[in-house]
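See below for protein_20.pdb, which holds PDB, C-alpha atoms.
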```
ATOM      1  CA  MET A   9     149.832 126.023  47.888
ATOM      2  CA  LYS A  10     148.138 127.325  51.049
ATOM      3  CA  LYS A  11     145.128 128.360  48.945
ATOM      4  CA  ILE A  12     144.835 124.833  47.527
ATOM      5  CA  LEU A  13     145.000 123.282  51.003
ATOM      6  CA  LEU A  14     142.379 125.720  52.319
ATOM      7  CA  ALA A  15     140.023 124.976  49.418
ATOM      8  CA  THR A  16     140.486 121.227  49.958
ATOM      9  CA  ALA A  17     139.689 121.610  53.657
ATOM     10  CA  LEU A  18     136.544 123.651  52.943
ATOM     11  CA  LEU A  19     135.410 121.058  50.373
ATOM     12  CA  SER A  20     135.864 118.250  52.926
ATOM     13  CA  VAL A  21     133.821 120.169  55.517
ATOM     14  CA  SER A  22     131.109 120.816  52.908
ATOM     15  CA  ILE A  23     130.963 117.106  51.958
ATOM     16  CA  ALA A  24     130.804 116.070  55.619
ATOM     17  CA  SER A  25     128.036 118.613  56.286
ATOM     18  CA  GLN A  26     126.082 117.368  53.269
ATOM     19  CA  ALA A  27     126.391 113.750  54.501
ATOM     20  CA  GLN A  28     125.160 114.737  57.975
ATOM     21  CA  LEU A  29     122.278 116.669  56.417
ATOM     22  CA  ASN A  30     121.331 113.610  54.342
ATOM     23  CA  ASP A  31     121.421 111.460  57.478
ATOM     24  CA  ILE A  32     119.091 113.914  59.261
ATOM     25  CA  ILE A  33     116.699 114.010  56.302
ATOM     26  CA  ASN A  34     116.637 110.204  56.059
ATOM     27  CA  SER A  35     115.998 109.937  59.807
ATOM     28  CA  LEU A  36     113.123 112.437  59.657
ATOM     29  CA  SER A  37     111.672 110.682  56.604
ATOM     30  CA  GLY A  38     111.670 107.360  58.469
ATOM     31  CA  LYS A  39     109.899 108.926  61.442
ATOM     32  CA  ILE A  40     107.293 110.552  59.190
ATOM     33  CA  ASP A  41     106.611 107.224  57.454
ATOM     34  CA  GLY A  42     106.223 105.546  60.857
ATOM     35  CA  LEU A  43     103.824 108.287  61.997
ATOM     36  CA  LYS A  44     101.773 107.891  58.794
ATOM     37  CA  ALA A  45     101.499 104.137  59.362
ATOM     38  CA  ALA A  46     100.408 104.642  62.970
ATOM     39  CA  ILE A  47      97.738 107.155  61.921
ATOM     40  CA  ALA A  48      96.493 104.839  59.158
ATOM     41  CA  GLN A  49      96.304 101.944  61.612
ATOM     42  CA  SER A  50      94.295 104.036  64.104
ATOM     43  CA  LEU A  51      91.786 104.945  61.408
ATOM     44  CA  VAL A  52      90.956 101.349  60.443
ATOM     45  CA  SER A  53      87.173 100.866  60.899
ATOM     46  CA  VAL A  54      86.323  98.297  63.582
ATOM     47  CA  ASP A  55      82.988  96.496  63.909
ATOM     48  CA  THR A  56      83.698  95.529  67.530
ATOM     49  CA  ILE A  57      83.987  99.130  68.635
ATOM     50  CA  ALA A  58      83.639  99.973  72.322
ATOM     51  CA  VAL A  59      80.885 102.403  73.267
ATOM     52  CA  ASP A  60      83.265 105.243  74.106
ATOM     53  CA  THR A  61      85.632 104.688  71.133
ATOM     54  CA  VAL A  62      85.498 107.067  68.182
ATOM     55  CA  SER A  63      85.825 105.370  64.767
ATOM     56  CA  VAL A  64      86.195 106.511  61.175
ATOM     57  CA  ASP A  65      82.389 106.291  60.861
ATOM     58  CA  THR A  66      81.840 108.819  63.626
ATOM     59  CA  VAL A  67      79.811 111.757  62.355
ATOM     60  CA  ALA A  68      79.702 115.090  64.183
ATOM     61  CA  THR A  69      76.903 117.559  63.413
ATOM     62  CA  ASP A  70      76.685 120.461  65.859
ATOM     63  CA  THR A  71      76.016 118.829  69.256
ATOM     64  CA  VAL A  72      75.061 115.385  67.880
ATOM     65  CA  VAL A  73      77.728 112.712  67.809
ATOM     66  CA  VAL A  74      76.777 109.373  66.299
ATOM     67  CA  VAL A  75      78.936 106.238  66.401
ATOM     68  CA  LEU A  76      77.540 104.298  63.486
ATOM     69  CA  PRO A  77      79.116 100.849  63.996
ATOM     70  CA  TYR A  78      77.767 100.620  67.564
ATOM     71  CA  LEU A  79      74.280 101.733  66.502
ATOM     72  CA  ARG A  80      74.306  99.115  63.745
ATOM     73  CA  LYS A  81      75.128  96.523  66.399
ATOM     74  CA  VAL A  82      72.270  97.676  68.673
ATOM     75  CA  TYR A  83      69.831  97.604  65.755
ATOM     76  CA  ASP A  84      71.072  94.229  64.486
ATOM     77  CA  ASN A  85      70.568  92.635  67.923
ATOM     78  CA  ALA A  86      66.826  92.335  67.165
ATOM     79  CA  VAL A  87      65.717  88.687  66.978
ATOM     80  CA  TYR A  88      64.959  87.072  63.605
ATOM     81  CA  ALA A  89      61.837  85.235  64.837
ATOM     82  CA  LYS A  90      58.466  86.271  63.428
ATOM     83  CA  ASN A  91      56.460  84.752  66.295
ATOM     84  CA  VAL A  92      56.976  84.868  70.066
ATOM     85  CA  ASN A  93      54.666  82.940  72.399
ATOM     86  CA  SER A  94      54.897  82.291  76.107
ATOM     87  CA  LYS A  95      52.958  81.558  79.247
ATOM     88  CA  ILE A  96      53.415  84.542  81.534
ATOM     89  CA  SER A  97      52.952  85.878  85.018
ATOM     90  CA  LEU A  98      51.298  89.277  84.569
ATOM     91  CA  GLY A  99      51.452  91.969  87.238
ATOM     92  CA  ILE A 100      49.134  94.958  86.820
ATOM     93  CA  LYS A 101      49.235  98.158  88.880
ATOM     94  CA  GLY A 102      47.248 101.402  88.606
ATOM     95  CA  VAL A 103      43.779 100.027  87.754
ATOM     96  CA  GLY A 104      42.223 100.217  91.202
ATOM     97  CA  LYS A 105      44.300  97.553  92.909
ATOM     98  CA  ASP A 106      47.426  95.517  92.296
ATOM     99  CA  LEU A 107      46.897  92.264  90.428
ATOM    100  CA  THR A 108      49.114  89.282  89.697
ATOM    101  CA  LEU A 109      47.588  86.886  87.195
ATOM    102  CA  ASP A 110      48.551  84.004  84.958
ATOM    103  CA  GLY A 111      48.271  84.548  81.250
ATOM    104  CA  LYS A 112      49.741  84.187  77.819
ATOM    105  CA  LEU A 113      51.670  86.451  75.461
ATOM    106  CA  GLN A 114      51.407  85.933  71.683
ATOM    107  CA  MET A 115      53.142  88.204  69.186
ATOM    108  CA  ARG A 116      53.371  87.972  65.410
ATOM    109  CA  LYS A 117      55.619  90.491  63.689
ATOM    110  CA  GLY A 118      53.657  93.157  61.830
ATOM    111  CA  GLN A 119      50.267  91.703  62.794
ATOM    112  CA  VAL A 120      49.446  91.475  66.483
ATOM    113  CA  ILE A 121      50.540  91.758  70.119
ATOM    114  CA  ARG A 122      48.151  89.779  72.318
ATOM    115  CA  ILE A 123      48.006  89.392  76.089
ATOM    116  CA  THR A 124      45.379  87.041  77.530
ATOM    117  CA  ILE A 125      44.593  86.694  81.229
ATOM    118  CA  VAL A 126      44.012  83.092  82.285
ATOM    119  CA  PRO A 127      43.872  82.795  86.104
ATOM    120  CA  PHE A 128      45.359  79.487  87.322
ATOM    121  CA  GLY A 129      45.652  78.487  83.652
ATOM    122  CA  LEU A 130      42.018  77.424  83.606
ATOM    123  CA  MET A 131      39.859  79.914  81.720
ATOM    124  CA  GLU A 132      40.476  83.108  79.760
ATOM    125  CA  VAL A 133      38.811  86.087  81.471
ATOM    126  CA  ALA A 134      40.283  89.033  79.535
ATOM    127  CA  ARG A 135      42.237  89.809  76.393
ATOM    128  CA  LEU A 136      44.257  92.833  75.264
ATOM    129  CA  GLU A 137      45.175  92.929  71.576
ATOM    130  CA  PHE A 138      47.137  95.496  69.573
ATOM    131  CA  THR A 139      46.930  95.358  65.780
ATOM    132  CA  PRO A 140      48.216  97.811  63.133
ATOM    133  CA  THR A 141      44.786  99.495  62.857
ATOM    134  CA  TYR A 142      42.982  99.059  66.184
ATOM    135  CA  VAL A 143      43.155  98.102  69.847
ATOM    136  CA  LEU A 144      40.879  95.330  71.122
ATOM    137  CA  LEU A 145      40.083  94.686  74.797
ATOM    138  CA  ILE A 146      37.740  91.861  75.784
ATOM    139  CA  ASP A 147      36.180  91.227  79.219
ATOM    140  CA  ARG A 148      34.818  87.685  78.952
ATOM    141  CA  MET A 149      33.415  87.677  82.474
ATOM    142  CA  HIS A 150      31.038  90.560  81.748
ATOM    143  CA  LYS A 151      30.820  89.935  77.995
ATOM    144  CA  GLU A 152      32.038  93.431  77.149
ATOM    145  CA  TYR A 153      34.671  94.702  74.732
ATOM    146  CA  VAL A 154      36.440  97.776  73.431
ATOM    147  CA  LYS A 155      37.494  98.099  69.797
ATOM    148  CA  ALA A 156      39.023 101.471  69.091
ATOM    149  CA  SER A 157      41.666 103.325  67.123
ATOM    150  CA  TYR A 158      44.885 104.338  68.862
ATOM    151  CA  ASP A 159      43.643 107.933  69.019
ATOM    152  CA  ASP A 160      40.568 106.787  70.952
ATOM    153  CA  VAL A 161      42.567 105.173  73.784
ATOM    154  CA  ALA A 162      43.745 107.988  76.056
ATOM    155  CA  PHE A 163      46.988 106.487  77.405
ATOM    156  CA  LEU A 164      48.114 105.602  73.864
ATOM    157  CA  ARG A 165      47.044 108.928  72.360
ATOM    158  CA  THR A 166      48.932 111.045  74.920
ATOM    159  CA  GLU A 167      52.168 109.220  74.078
ATOM    160  CA  GLY A 168      51.568 109.209  70.330
ATOM    161  CA  LEU A 169      51.952 105.428  70.420
ATOM    162  CA  THR A 170      51.185 103.376  67.328
ATOM    163  CA  PHE A 171      51.222  99.628  66.796
ATOM    164  CA  TYR A 172      54.739  99.720  65.356
ATOM    165  CA  THR A 173      56.124 101.701  68.298
ATOM    166  CA  LEU A 174      54.525  99.269  70.752
ATOM    167  CA  GLN A 175      55.840  96.360  68.699
ATOM    168  CA  SER A 176      59.394  97.667  68.996
ATOM    169  CA  LEU A 177      58.937  98.109  72.749
ATOM    170  CA  PHE A 178      57.643  94.563  73.226
ATOM    171  CA  TRP A 179      60.269  93.087  70.861
ATOM    172  CA  ASN A 180      63.182  94.958  72.488
ATOM    173  CA  GLU A 181      64.222  96.878  69.365
ATOM    174  CA  LEU A 182      65.757 100.179  68.353
ATOM    175  CA  PHE A 183      63.172 102.110  66.326
ATOM    176  CA  GLN A 184      62.209 105.434  64.788
ATOM    177  CA  PRO A 185      58.560 106.587  64.525
ATOM    178  CA  GLY A 186      57.152 106.053  61.047
ATOM    179  CA  LYS A 187      60.009 103.767  59.956
ATOM    180  CA  ALA A 188      59.550 100.045  59.343
ATOM    181  CA  LYS A 189      63.322  99.558  58.940
ATOM    182  CA  LEU A 190      66.325 101.733  59.762
ATOM    183  CA  SER A 191      69.041 102.555  57.233
ATOM    184  CA  ASP A 192      72.477 104.008  58.002
ATOM    185  CA  SER A 193      71.140 107.474  57.170
ATOM    186  CA  ASP A 194      68.384 106.944  59.766
ATOM    187  CA  LEU A 195      70.897 105.743  62.375
ATOM    188  CA  ARG A 196      73.021 108.863  61.857
ATOM    189  CA  ARG A 197      70.158 110.871  63.407
ATOM    190  CA  TYR A 198      70.698 109.179  66.784
ATOM    191  CA  SER A 199      73.184 110.337  69.393
ATOM    192  CA  LEU A 200      75.314 108.167  71.652
ATOM    193  CA  GLN A 201      76.781 109.020  75.031
ATOM    194  CA  GLY A 202      78.317 106.154  76.944
ATOM    195  CA  GLY A 203      75.764 103.370  76.593
ATOM    196  CA  THR A 204      72.800 105.731  76.120
ATOM    197  CA  VAL A 205      71.294 106.051  72.647
ATOM    198  CA  SER A 206      68.840 108.912  72.090
ATOM    199  CA  PHE A 207      66.669 110.404  69.377
ATOM    200  CA  LYS A 208      64.505 113.535  69.486
ATOM    201  CA  GLN A 209      61.494 114.285  67.317
ATOM    202  CA  ASP A 210      59.333 117.357  67.958
ATOM    203  CA  LYS A 211      58.201 117.174  71.630
ATOM    204  CA  MET A 212      59.201 113.542  72.019
ATOM    205  CA  LEU A 213      62.491 112.220  73.342
ATOM    206  CA  PHE A 214      63.407 108.548  72.896
ATOM    207  CA  THR A 215      66.225 107.011  74.936
ATOM    208  CA  TRP A 216      67.649 103.488  75.062
ATOM    209  CA  GLN A 217      70.094 102.195  77.681
ATOM    210  CA  THR A 218      72.405  99.480  76.349
ATOM    211  CA  ASN A 219      74.861  97.091  77.996
ATOM    212  CA  GLN A 220      78.369  96.002  76.991
ATOM    213  CA  ASN A 221      76.898  93.606  74.424
ATOM    214  CA  ALA A 222      74.831  96.388  72.787
ATOM    215  CA  LEU A 223      71.608  94.808  74.108
ATOM    216  CA  ILE A 224      68.824  97.237  75.018
ATOM    217  CA  THR A 225      68.198  97.036  78.777
ATOM    218  CA  SER A 226      65.625  99.827  78.981
ATOM    219  CA  THR A 227      63.663 102.204  76.747
ATOM    220  CA  ASN A 228      61.972 105.479  77.624
ATOM    221  CA  ILE A 229      59.661 107.681  75.561
ATOM    222  CA  SER A 230      58.823 111.067  77.049
ATOM    223  CA  TYR A 231      56.443 113.675  75.685
ATOM    224  CA  GLY A 232      56.399 117.363  76.606
ATOM    225  CA  ALA A 233      58.936 117.065  79.430
ATOM    226  CA  GLY A 234      58.611 119.979  81.858
ATOM    227  CA  THR A 235      55.097 120.941  80.708
ATOM    228  CA  LYS A 236      51.674 120.335  82.273
ATOM    229  CA  ASP A 237      50.964 117.761  79.568
ATOM    230  CA  ALA A 238      54.123 115.752  80.244
ATOM    231  CA  SER A 239      53.781 111.984  79.969
ATOM    232  CA  SER A 240      56.052 109.013  79.433
ATOM    233  CA  VAL A 241      56.241 105.284  78.851
ATOM    234  CA  SER A 242      59.224 103.235  79.951
ATOM    235  CA  VAL A 243      60.196  99.586  79.538
ATOM    236  CA  SER A 244      62.943  97.740  81.405
ATOM    237  CA  TYR A 245      64.203  94.375  80.155
ATOM    238  CA  GLY A 246      65.898  91.502  81.946
ATOM    239  CA  ASP A 247      66.640  87.782  82.058
ATOM    240  CA  PHE A 248      67.832  87.554  78.435
ATOM    241  CA  THR A 249      67.623  84.091  76.899
ATOM    242  CA  PRO A 250      68.869  82.717  73.546
ATOM    243  CA  MET A 251      66.433  82.887  70.637
ATOM    244  CA  GLY A 252      68.237  81.454  67.642
ATOM    245  CA  VAL A 253      71.545  83.313  67.457
ATOM    246  CA  LYS A 254      70.089  86.369  69.205
ATOM    247  CA  GLN A 255      68.990  87.189  72.764
ATOM    248  CA  PHE A 256      65.424  87.986  73.898
ATOM    249  CA  PRO A 257      64.296  89.302  77.315
ATOM    250  CA  LYS A 258      62.041  87.011  79.354
ATOM    251  CA  SER A 259      61.184  89.896  81.698
ATOM    252  CA  GLU A 260      59.570  93.175  80.571
ATOM    253  CA  HIS A 261      58.326  95.860  82.942
ATOM    254  CA  ILE A 262      56.209  98.521  81.196
ATOM    255  CA  THR A 263      55.090 101.735  82.913
ATOM    256  CA  PHE A 264      52.758 104.400  81.512
ATOM    257  CA  ASN A 265      52.900 107.758  83.332
ATOM    258  CA  THR A 266      49.976 109.858  82.146
ATOM    259  CA  LYS A 267      46.948 111.787  83.353
ATOM    260  CA  ALA A 268      44.857 109.367  81.327
ATOM    261  CA  PHE A 269      44.855 107.173  84.458
ATOM    262  CA  SER A 270      43.260 108.464  87.663
ATOM    263  CA  SER A 271      46.246 107.098  89.595
ATOM    264  CA  GLY A 272      48.642 108.907  87.260
ATOM    265  CA  SER A 273      50.248 105.691  86.048
ATOM    266  CA  MET A 274      49.688 102.076  85.059
ATOM    267  CA  SER A 275      52.265  99.339  84.865
ATOM    268  CA  LEU A 276      52.477  95.855  83.396
ATOM    269  CA  ASN A 277      55.086  93.422  84.661
ATOM    270  CA  ILE A 278      55.506  90.504  82.241
ATOM    271  CA  ASP A 279      57.553  87.466  83.233
ATOM    272  CA  MET A 280      57.742  84.823  80.505
ATOM    273  CA  ARG A 281      58.015  81.206  81.591
ATOM    274  CA  SER A 282      58.504  79.184  78.412
ATOM    275  CA  ILE A 283      59.160  81.006  75.147
ATOM    276  CA  SER A 284      58.530  79.428  71.759
ATOM    277  CA  THR A 285      58.441  80.703  68.167
ATOM    278  CA  ASP A 286      55.490  78.488  67.158
ATOM    279  CA  ALA A 287      53.377  79.938  64.309
ATOM    280  CA  ASP A 288      50.410  77.574  64.668
ATOM    281  CA  TRP A 289      47.853  80.049  66.030
ATOM    282  CA  GLU A 290      45.277  82.484  64.659
ATOM    283  CA  PRO A 291      46.334  86.165  64.852
ATOM    284  CA  THR A 292      42.808  87.606  64.510
ATOM    285  CA  THR A 293      40.159  87.600  67.253
ATOM    286  CA  ASN A 294      36.490  87.645  66.309
ATOM    287  CA  VAL A 295      34.204  89.127  68.977
ATOM    288  CA  SER A 296      30.924  87.343  69.667
ATOM    289  CA  GLY A 297      27.769  89.237  68.686
ATOM    290  CA  SER A 298      26.475  88.727  72.230
ATOM    291  CA  TYR A 299      29.214  90.993  73.686
ATOM    292  CA  LYS A 300      28.466  94.639  74.513
ATOM    293  CA  GLN A 301      30.817  97.378  73.323
ATOM    294  CA  VAL A 302      31.993  99.792  76.061
ATOM    295  CA  THR A 303      34.605 102.560  76.450
ATOM    296  CA  ALA A 304      38.211 101.930  77.413
ATOM    297  CA  GLU A 305      37.648 103.734  80.734
ATOM    298  CA  GLU A 306      34.790 101.366  81.599
ATOM    299  CA  PHE A 307      36.922  98.374  80.661
ATOM    300  CA  PHE A 308      39.819  99.318  82.942
ATOM    301  CA  SER A 309      37.367 100.029  85.752
ATOM    302  CA  ARG A 310      36.081  96.452  85.357
ATOM    303  CA  LEU A 311      39.633  95.090  85.210
ATOM    304  CA  GLY A 312      40.410  96.564  88.612
ATOM    305  CA  LYS A 313      37.528  94.582  90.114
ATOM    306  CA  LEU A 314      38.698  91.188  88.861
TER     307      LEU A 314
END
```
For this file, produce the structure as structure tokens.
Amino acid sequence: MKKILLATALLSVSIASQAQLNDIINSLSGKIDGLKAAIAQSLVSVDTIAVDTVSVDTVATDTVVVVLPYLRKVYDNAVYAKNVNSKISLGIKGVGKDLTLDGKLQMRKGQVIRITIVPFGLMEVARLEFTPTYVLLIDRMHKEYVKASYDDVAFLRTEGLTFYTLQSLFWNELFQPGKAKLSDSDLRRYSLQGGTVSFKQDKMLFTWQTNQNALITSTNISYGAGTKDASSVSVSYGDFTPMGVKQFPKSEHITFNTKAFSSGSMSLNIDMRSISTDADWEPTTNVSGSYKQVTAEEFFSRLGKL
């Protein structure tokens, strides 16, 4: 009888222990499921990602960390307009003396960037024009002009600047040399730290500072940093204004730091007064046969004496 009672007692303890074990297992299972759900939720891709937030699209390759959604946003902030025109106040430094002149900016995507100098809004005295194949500078006062390739203009050659690079600088865009458009695979080659986007190619380093809205507030291109041939071009942007559903800067300050200028640098300060996207203008300038062709150095020497 004692043996039967003992066996019954042991069986009861075993059943109780099994029930407790099941309770523990069920509790752990619930916690694991909750942890899985939390992890899954944290990995949901977000398009409104903050600059310092790592998402599922983050790609790490050695020392390069790219946050793809944010770079897409920076790239997609480019305006849709194909034409930008505005009366401007143009400040020029580094050509012999400081100048502040009235003028006009006309840009047509893929075709031309044109700056004309029109003192007091009365008469055009000079014109600077960038096209995909050549640079044109016209001095109407002395009836002289320069028409040259990008390699023939020293301050452009030292920076390796092409029309499409200049276009991206003037249009406030993220770009990559030799690329007309950027795909996700192109964007993965950029790095992001805080609000600074950067890209390195050979001896050139490209950096873009962005704000909380992923708008580019400044761009810098440096060549051969730390060497005797070091040079750079930087652009700062301000006073953003609506252009369609996008934003475009009404203020652009461009500085070239290069030995190509006797002063070591030249800067253009462009303040736009009234921006339009009008397309009713001719993108090509024909030079009169009565004008004399000169070198770029001679042209800038003349410009400093205006």
Apply the PyMOL selection byres ((chain A and resi 98-112) around 7) to the file shown and report the selected residues as a PyMOL selection string.
-> chain A and resi 94-97+113-114+123-129+271+273-279+308-309+311-312
Close residues, Thr218 of chain A itself excluded, 10 Å, only C-alpha atoms, min 2 positions apart in chain, as JSON, numbers by chain | {"A": [59, 82, 202, 203, 204, 205, 215, 216, 220, 221, 222, 223, 224, 225, 226, 227]}
Which residues fall under the PyMOL selection byres ((chain A and resi 264) around 9) in this file, as a list in words?
->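 Selected by the PyMOL selection byres ((chain A and resi 264) around 9) here: Phe163, Glu167, Ser239, Ser240, Val241, Ser242, Ile262, Thr263, Asn265, Thr266, Phe269, Gly272, Ser273, Met274, Ser275 and Leu276 of chain A.
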Name the residues captured by the PyMOL selection byres ((chain A and resi 214) around 6) when it is applied to the shown file; answer as a PyMOL selection string.
-> chain A and resi 206-207+213+215+228-229
Would you mind listing what lies within 9 Å of segment 256-259 of chain A as a PDB file with C-alpha atoms, in the frame of the given file, with only C-alpha atoms counted and same-chain residues fewer than 5 positions away left out?
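Done, and the output landed in result-v1.pdb:
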```pdb
ATOM      1  CA  ALA A  86      66.826  92.335  67.165  1.00  0.00           C
ATOM      2  CA  VAL A  87      65.717  88.687  66.978  1.00  0.00           C
ATOM      3  CA  TRP A 179      60.269  93.087  70.861  1.00  0.00           C
ATOM      4  CA  ASN A 180      63.182  94.958  72.488  1.00  0.00           C
ATOM      5  CA  THR A 225      68.198  97.036  78.777  1.00  0.00           C
ATOM      6  CA  SER A 244      62.943  97.740  81.405  1.00  0.00           C
ATOM      7  CA  TYR A 245      64.203  94.375  80.155  1.00  0.00           C
ATOM      8  CA  GLY A 246      65.898  91.502  81.946  1.00  0.00           C
ATOM      9  CA  ASP A 247      66.640  87.782  82.058  1.00  0.00           C
ATOM     10  CA  PHE A 248      67.832  87.554  78.435  1.00  0.00           C
ATOM     11  CA  THR A 249      67.623  84.091  76.899  1.00  0.00           C
ATOM     12  CA  PRO A 250      68.869  82.717  73.546  1.00  0.00           C
ATOM     13  CA  MET A 251      66.433  82.887  70.637  1.00  0.00           C
ATOM     14  CA  ASN A 277      55.086  93.422  84.661  1.00  0.00           C
ATOM     15  CA  ILE A 278      55.506  90.504  82.241  1.00  0.00           C
ATOM     16  CA  ASP A 279      57.553  87.466  83.233  1.00  0.00           C
ATOM     17  CA  MET A 280      57.742  84.823  80.505  1.00  0.00           C
ATOM     18  CA  ARG A 281      58.015  81.206  81.591  1.00  0.00           C
ATOM     19  CA  SER A 282      58.504  79.184  78.412  1.00  0.00           C
ATOM     20  CA  ILE A 283      59.160  81.006  75.147  1.00  0.00           C
TER      21      ILE A 283
END
```
